[in-house]
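Text of structure.csv (CSV, C-alpha atoms) as supplied:
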chain,number,residue,atom,x,y,z
A,1,MET,CA,77.7,125.2,146.2
A,2,SER,CA,78.0,126.3,142.7
A,3,ASP,CA,75.1,127.2,140.5
A,4,PRO,CA,74.1,124.3,138.2
A,5,ALA,CA,73.7,126.6,135.2
A,6,ASN,CA,77.2,128.0,135.8
A,7,ALA,CA,78.7,124.5,136.0
A,8,ALA,CA,77.1,123.5,132.7
A,9,ALA,CA,78.5,126.6,131.0
A,10,THR,CA,82.0,125.8,132.1
A,11,SER,CA,81.9,122.2,131.1
A,12,TYR,CA,81.5,123.0,127.4
A,13,PRO,CA,84.3,125.2,126.3
A,14,ALA,CA,84.0,127.5,123.3
A,15,PRO,CA,85.4,126.1,120.0
A,16,ILE,CA,89.1,126.7,119.5
A,17,VAL,CA,89.6,128.2,116.0
A,18,SER,CA,92.7,130.0,115.0
A,19,LEU,CA,91.8,129.9,111.3
A,20,PRO,CA,89.6,132.7,109.9
A,21,ILE,CA,86.0,132.1,109.0
A,22,GLY,CA,84.3,133.0,105.8
A,23,LEU,CA,86.1,133.9,102.6
A,24,ASP,CA,89.1,134.9,104.7
A,25,ILE,CA,90.0,131.2,105.0
A,26,LEU,CA,91.0,131.3,101.3
A,27,ARG,CA,93.8,133.8,102.2
A,28,THR,CA,95.5,131.4,104.5
A,29,TYR,CA,97.9,128.6,103.5
A,30,SER,CA,95.5,126.0,104.9
A,31,GLY,CA,92.6,127.4,102.8
A,32,ALA,CA,94.7,127.6,99.7
A,33,LEU,CA,96.1,124.1,100.1
A,34,ILE,CA,92.7,122.5,100.7
A,35,CYS,CA,91.6,124.2,97.5
A,36,LEU,CA,94.6,122.5,95.7
A,37,GLU,CA,93.6,119.2,97.3
A,38,ILE,CA,90.1,119.6,95.9
A,39,ILE,CA,91.4,120.5,92.4
A,40,PHE,CA,94.1,117.8,92.1
A,41,GLY,CA,91.9,115.2,93.9
A,42,GLY,CA,89.1,115.8,91.4
A,43,LEU,CA,91.6,115.7,88.5
A,44,VAL,CA,92.9,112.3,89.7
A,45,TRP,CA,89.3,111.1,90.0
A,46,ILE,CA,88.5,112.1,86.5
A,47,LEU,CA,91.7,110.7,84.9
A,48,VAL,CA,91.6,107.4,86.7
A,49,ALA,CA,87.9,106.9,85.9
A,50,SER,CA,88.5,107.7,82.3
A,51,SER,CA,91.2,105.0,82.0
A,52,ASN,CA,88.5,102.3,82.4
A,53,LEU,CA,90.5,100.8,85.4
A,54,PRO,CA,92.8,98.4,83.6
A,55,VAL,CA,94.1,97.2,87.0
A,56,PRO,CA,91.0,97.3,89.1
A,57,LEU,CA,92.6,96.1,92.3
A,58,LEU,CA,95.1,98.9,92.4
A,59,GLN,CA,93.2,101.7,90.7
A,60,GLY,CA,90.0,100.9,92.7
A,61,TRP,CA,91.7,102.1,95.8
A,62,VAL,CA,93.0,105.2,94.0
A,63,LEU,CA,89.5,106.0,92.8
A,64,PHE,CA,88.0,105.4,96.2
A,65,VAL,CA,90.6,107.7,97.9
A,66,SER,CA,90.2,110.5,95.4
A,67,VAL,CA,86.4,110.5,95.4
A,68,ILE,CA,86.0,110.2,99.2
A,69,LEU,CA,88.7,112.9,100.0
A,70,PHE,CA,87.3,115.2,97.2
A,71,PHE,CA,84.0,115.2,99.0
A,72,PHE,CA,85.5,115.4,102.5
A,73,SER,CA,87.8,118.3,101.5
A,74,THR,CA,84.9,120.1,100.0
A,75,ALA,CA,82.8,119.6,103.1
A,76,PHE,CA,85.6,120.7,105.4
A,77,LEU,CA,86.2,123.9,103.4
A,78,LEU,CA,82.5,124.6,103.3
A,79,LEU,CA,82.4,124.4,107.2
A,80,PHE,CA,84.8,127.3,107.3
A,81,LEU,CA,83.3,129.2,104.4
A,82,LEU,CA,79.8,129.1,105.8
A,83,GLY,CA,80.9,129.8,109.4
A,84,TYR,CA,79.7,126.6,110.9
A,85,VAL,CA,82.9,126.2,112.9
A,86,ASP,CA,81.7,128.7,115.4
A,87,LYS,CA,78.6,126.7,116.0
A,88,ILE,CA,80.2,123.3,116.5
A,89,ASN,CA,82.1,123.0,119.8
A,90,THR,CA,85.3,121.2,119.1
A,91,ASP,CA,89.0,121.8,118.8
A,92,TRP,CA,89.2,122.8,115.1
A,93,ASN,CA,93.0,123.2,115.2
A,94,PHE,CA,93.4,119.5,116.2
A,95,LEU,CA,90.7,118.5,113.6
A,96,ASP,CA,92.5,120.4,110.9
A,97,MET,CA,95.8,118.7,111.8
A,98,ALA,CA,94.2,115.2,112.1
A,99,TYR,CA,92.3,115.6,108.8
A,100,HIS,CA,95.4,116.7,106.8
A,101,PHE,CA,97.5,113.9,108.4
A,102,GLY,CA,94.8,111.3,107.4
A,103,ALA,CA,94.5,112.8,103.9
A,104,LEU,CA,98.3,112.7,103.6
A,105,LEU,CA,98.4,109.0,104.3
A,106,LEU,CA,95.5,108.1,102.0
A,107,TYR,CA,96.7,110.3,99.1
A,108,PHE,CA,100.2,109.0,99.4
A,109,SER,CA,99.0,105.4,99.3
A,110,ALA,CA,96.9,106.2,96.3
A,111,PHE,CA,99.9,107.9,94.6
A,112,VAL,CA,102.1,104.9,95.2
A,113,LEU,CA,99.5,102.5,93.7
A,114,GLU,CA,98.9,104.7,90.7
A,115,ALA,CA,102.6,105.0,90.1
A,116,ALA,CA,102.9,101.2,90.4
A,117,THR,CA,100.1,100.8,87.8
A,118,THR,CA,101.8,103.2,85.4
A,119,ALA,CA,105.2,101.6,85.9
A,120,ALA,CA,103.8,98.1,85.4
A,121,GLY,CA,102.0,99.1,82.2
A,122,SER,CA,103.8,98.7,79.0
A,123,ILE,CA,102.7,100.1,75.7
A,124,SER,CA,101.6,97.3,73.4
A,125,GLY,CA,98.9,96.8,70.8
A,126,ASN,CA,95.3,97.9,71.3
A,127,ASP,CA,94.6,95.2,73.9
A,128,THR,CA,94.3,95.9,77.5
A,129,ALA,CA,94.8,93.1,80.0
A,130,CYS,CA,96.0,92.5,83.5
A,131,VAL,CA,97.9,89.3,84.0
A,132,SER,CA,98.9,88.0,87.4
A,133,LYS,CA,101.1,85.1,86.3
A,134,PRO,CA,103.6,84.3,87.6
A,135,GLU,CA,101.8,84.7,91.0
A,136,GLN,CA,102.6,87.8,93.0
A,137,ASN,CA,103.5,89.8,89.8
A,138,ILE,CA,101.1,92.1,88.1
A,139,ILE,CA,101.8,92.9,84.4
A,140,ALA,CA,99.5,95.4,82.9
A,141,TYR,CA,99.2,95.8,79.1
A,142,LEU,CA,97.9,99.2,78.4
A,143,ASP,CA,97.1,100.8,75.1
A,144,SER,CA,98.8,104.2,74.5
A,145,ARG,CA,95.6,106.1,75.5
A,146,GLN,CA,95.4,104.4,78.8
A,147,TYR,CA,99.1,104.6,79.4
A,148,SER,CA,99.0,108.4,78.7
A,149,ILE,CA,96.0,108.9,81.1
A,150,ASN,CA,97.7,106.9,83.8
A,151,VAL,CA,100.9,109.0,83.4
A,152,ALA,CA,98.8,112.2,83.7
A,153,ALA,CA,97.0,110.7,86.8
A,154,THR,CA,100.3,109.9,88.4
A,155,VAL,CA,101.7,113.4,87.7
A,156,SER,CA,98.4,114.9,89.1
A,157,ALA,CA,98.6,112.6,92.2
A,158,THR,CA,102.1,113.8,93.1
A,159,PRO,CA,101.1,117.3,94.3
A,160,THR,CA,97.9,115.9,95.8
A,161,ALA,CA,100.0,113.5,98.0
A,162,SER,CA,102.3,116.4,99.1
A,163,VAL,CA,99.7,119.1,99.6
A,164,PRO,CA,98.6,118.2,103.1
A,165,VAL,CA,102.2,118.1,104.5
A,166,PRO,CA,102.8,121.8,105.1
A,167,SER,CA,99.1,122.6,105.9
A,168,HIS,CA,99.1,122.5,109.6
A,169,PRO,CA,102.3,124.4,110.6
A,170,LEU,CA,101.4,127.2,108.2
A,171,GLY,CA,97.6,126.9,108.7
A,172,ALA,CA,96.9,130.3,110.3
A,173,VAL,CA,99.5,132.3,108.4
A,174,ARG,CA,97.9,134.7,106.0
A,175,LEU,CA,98.9,134.9,102.3
A,176,THR,CA,98.3,138.7,102.2
A,177,LYS,CA,99.0,141.3,104.7
A,178,ARG,CA,95.9,142.9,106.3
A,179,VAL,CA,95.6,146.6,106.3
Would you mind writing the file's structure down as structure tokens?
Amino acid sequence: MSDPANAAATSYPAPIVSLPIGLDILRTYSGALICLEIIFGGLVWILVASSNLPVPLLQGWVLFVSVILFFFSTAFLLLFLLGYVDKINTDWNFLDMAYHFGALLLYFSAFVLEAATTAAGSISGNDTACVSKPEQNIIAYLDSRQYSINVAATVSATPTASVPVPSHPLGAVRLTKRV
């Protein structure tokens, strides 16, 4: 028979981490790209919130995605920076891939909705309205300030939607050569 302590030790494998821990994570593509996710996600959050949500149904989702993924990306990066990935037994390579894939889907849906809001908006007078007549059509009348903010949010959402794509295959590749 095997020793019970030995069996318990073999049933919980050590965490699988191919990404560096600490500040070295910032020298990898994965670390640099998650920093870009945080920057552009925060920028989209600020720009959409400052536009006063002229089309709340569409821009509410954009705001939700940018706020939630801003905090999740920050927490994910902090796990690597503070070294907690060594203390949590899980497959970090799979979690990195799954997180970035989920972020890609959410950011891309937010990008499409923000682009639709901007495309539906037409520069008119100083009034802002969202009209849904005829049914199934949304016509947004934005003033020039809101239209400009929505254009900036759409442009900022473009790299945010494309940042998670190359993250996993290049995740452990270093940006600088170690000596």
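Rounded to one decimal, CA of Tyr84 in chain A and CA of Gly42 in chain A lie 24.2 Å from each other.
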- Point-to-point distance from CA of Pro54 in chain A to CA of Gly102 in chain A, Å rounded to tenths: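 Straight-line distance from CA of Pro54 in chain A to CA of Gly102 in chain A works out to 27.1 Å.
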- Note on the structure: A straight line from CA of Val112 in chain A to CA of Asn150 in chain A spans 12.4 Å
Near Leu47 in chain A, within 8 Å and counting all atoms listed in the file, which residues show up once chain neighbours fewer than 5 positions away are dropped, as a PDB file with C-alpha atoms, in the coordinates of the input?
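And here's out25.pdb as it stands now:
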ATOM      1  CA  ILE A 149      96.000 108.900  81.100  1.00  0.00           C
ATOM      2  CA  ASN A 150      97.700 106.900  83.800  1.00  0.00           C
ATOM      3  CA  ALA A 152      98.800 112.200  83.700  1.00  0.00           C
ATOM      4  CA  ALA A 153      97.000 110.700  86.800  1.00  0.00           C
TER       5      ALA A 153
END
Return as JSON lines the residues of range 38-77 of chain A lying at most 10 Å from range 143-148 of chain A, together with the closest atom-to-atom pair for each and the distance in Å to one decimal, counting only C-alpha atoms, with rows in chain order and ascending residue number.
{"residue": "A:Leu47", "atom": "CA", "partner": "A:Gln146", "partner_atom": "CA", "distance": 9.5}
{"residue": "A:Val48", "atom": "CA", "partner": "A:Gln146", "partner_atom": "CA", "distance": 9.3}
{"residue": "A:Ser50", "atom": "CA", "partner": "A:Gln146", "partner_atom": "CA", "distance": 8.4}
{"residue": "A:Ser51", "atom": "CA", "partner": "A:Gln146", "partner_atom": "CA", "distance": 5.3}
{"residue": "A:Asn52", "atom": "CA", "partner": "A:Gln146", "partner_atom": "CA", "distance": 8.1}
{"residue": "A:Leu53", "atom": "CA", "partner": "A:Gln146", "partner_atom": "CA", "distance": 9.0}
{"residue": "A:Pro54", "atom": "CA", "partner": "A:Gln146", "partner_atom": "CA", "distance": 8.1}
- Message: List as a ChimeraX atom specification the residues having at least one atom at most 7 Å from position (82.3, 130.0, 109.7) as given in the file, counting only C-alpha atoms.
- Response: /A:21-22,79-86
Interface rows for range 15-56 of chain A against range 62-72 of chain A: nearest pair, Å to one decimal, 8 Å, all atoms listed in the file, as a Markdown table:
| residue | atom | partner | partner_atom | distance |
| --- | --- | --- | --- | --- |
| A:Glu37 | CA | A:Phe70 | CA | 7.5 |
| A:Ile38 | CA | A:Phe70 | CA | 5.4 |
| A:Gly41 | CA | A:Ser66 | CA | 5.2 |
| A:Gly42 | CA | A:Phe70 | CA | 6.1 |
| A:Val44 | CA | A:Ser66 | CA | 6.6 |
| A:Trp45 | CA | A:Ser66 | CA | 5.5 |
| A:Val48 | CA | A:Leu63 | CA | 6.6 |
| A:Ala49 | CA | A:Leu63 | CA | 7.1 |
- Item | Minimum-distance residue to Leu57 in chain A, chosen among A:Ala157, A:Leu95, A:Leu113, A:Ala119 (using all atoms listed in the file) |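 Checking each candidate against Leu57 in chain A, we get A:Leu113 as the closest.
Taking all atoms listed in the file into account, Ala120 in chain A lies nearest to A:Leu142 out of the set A:Thr90, A:Leu142, A:Ile46, A:Thr158.
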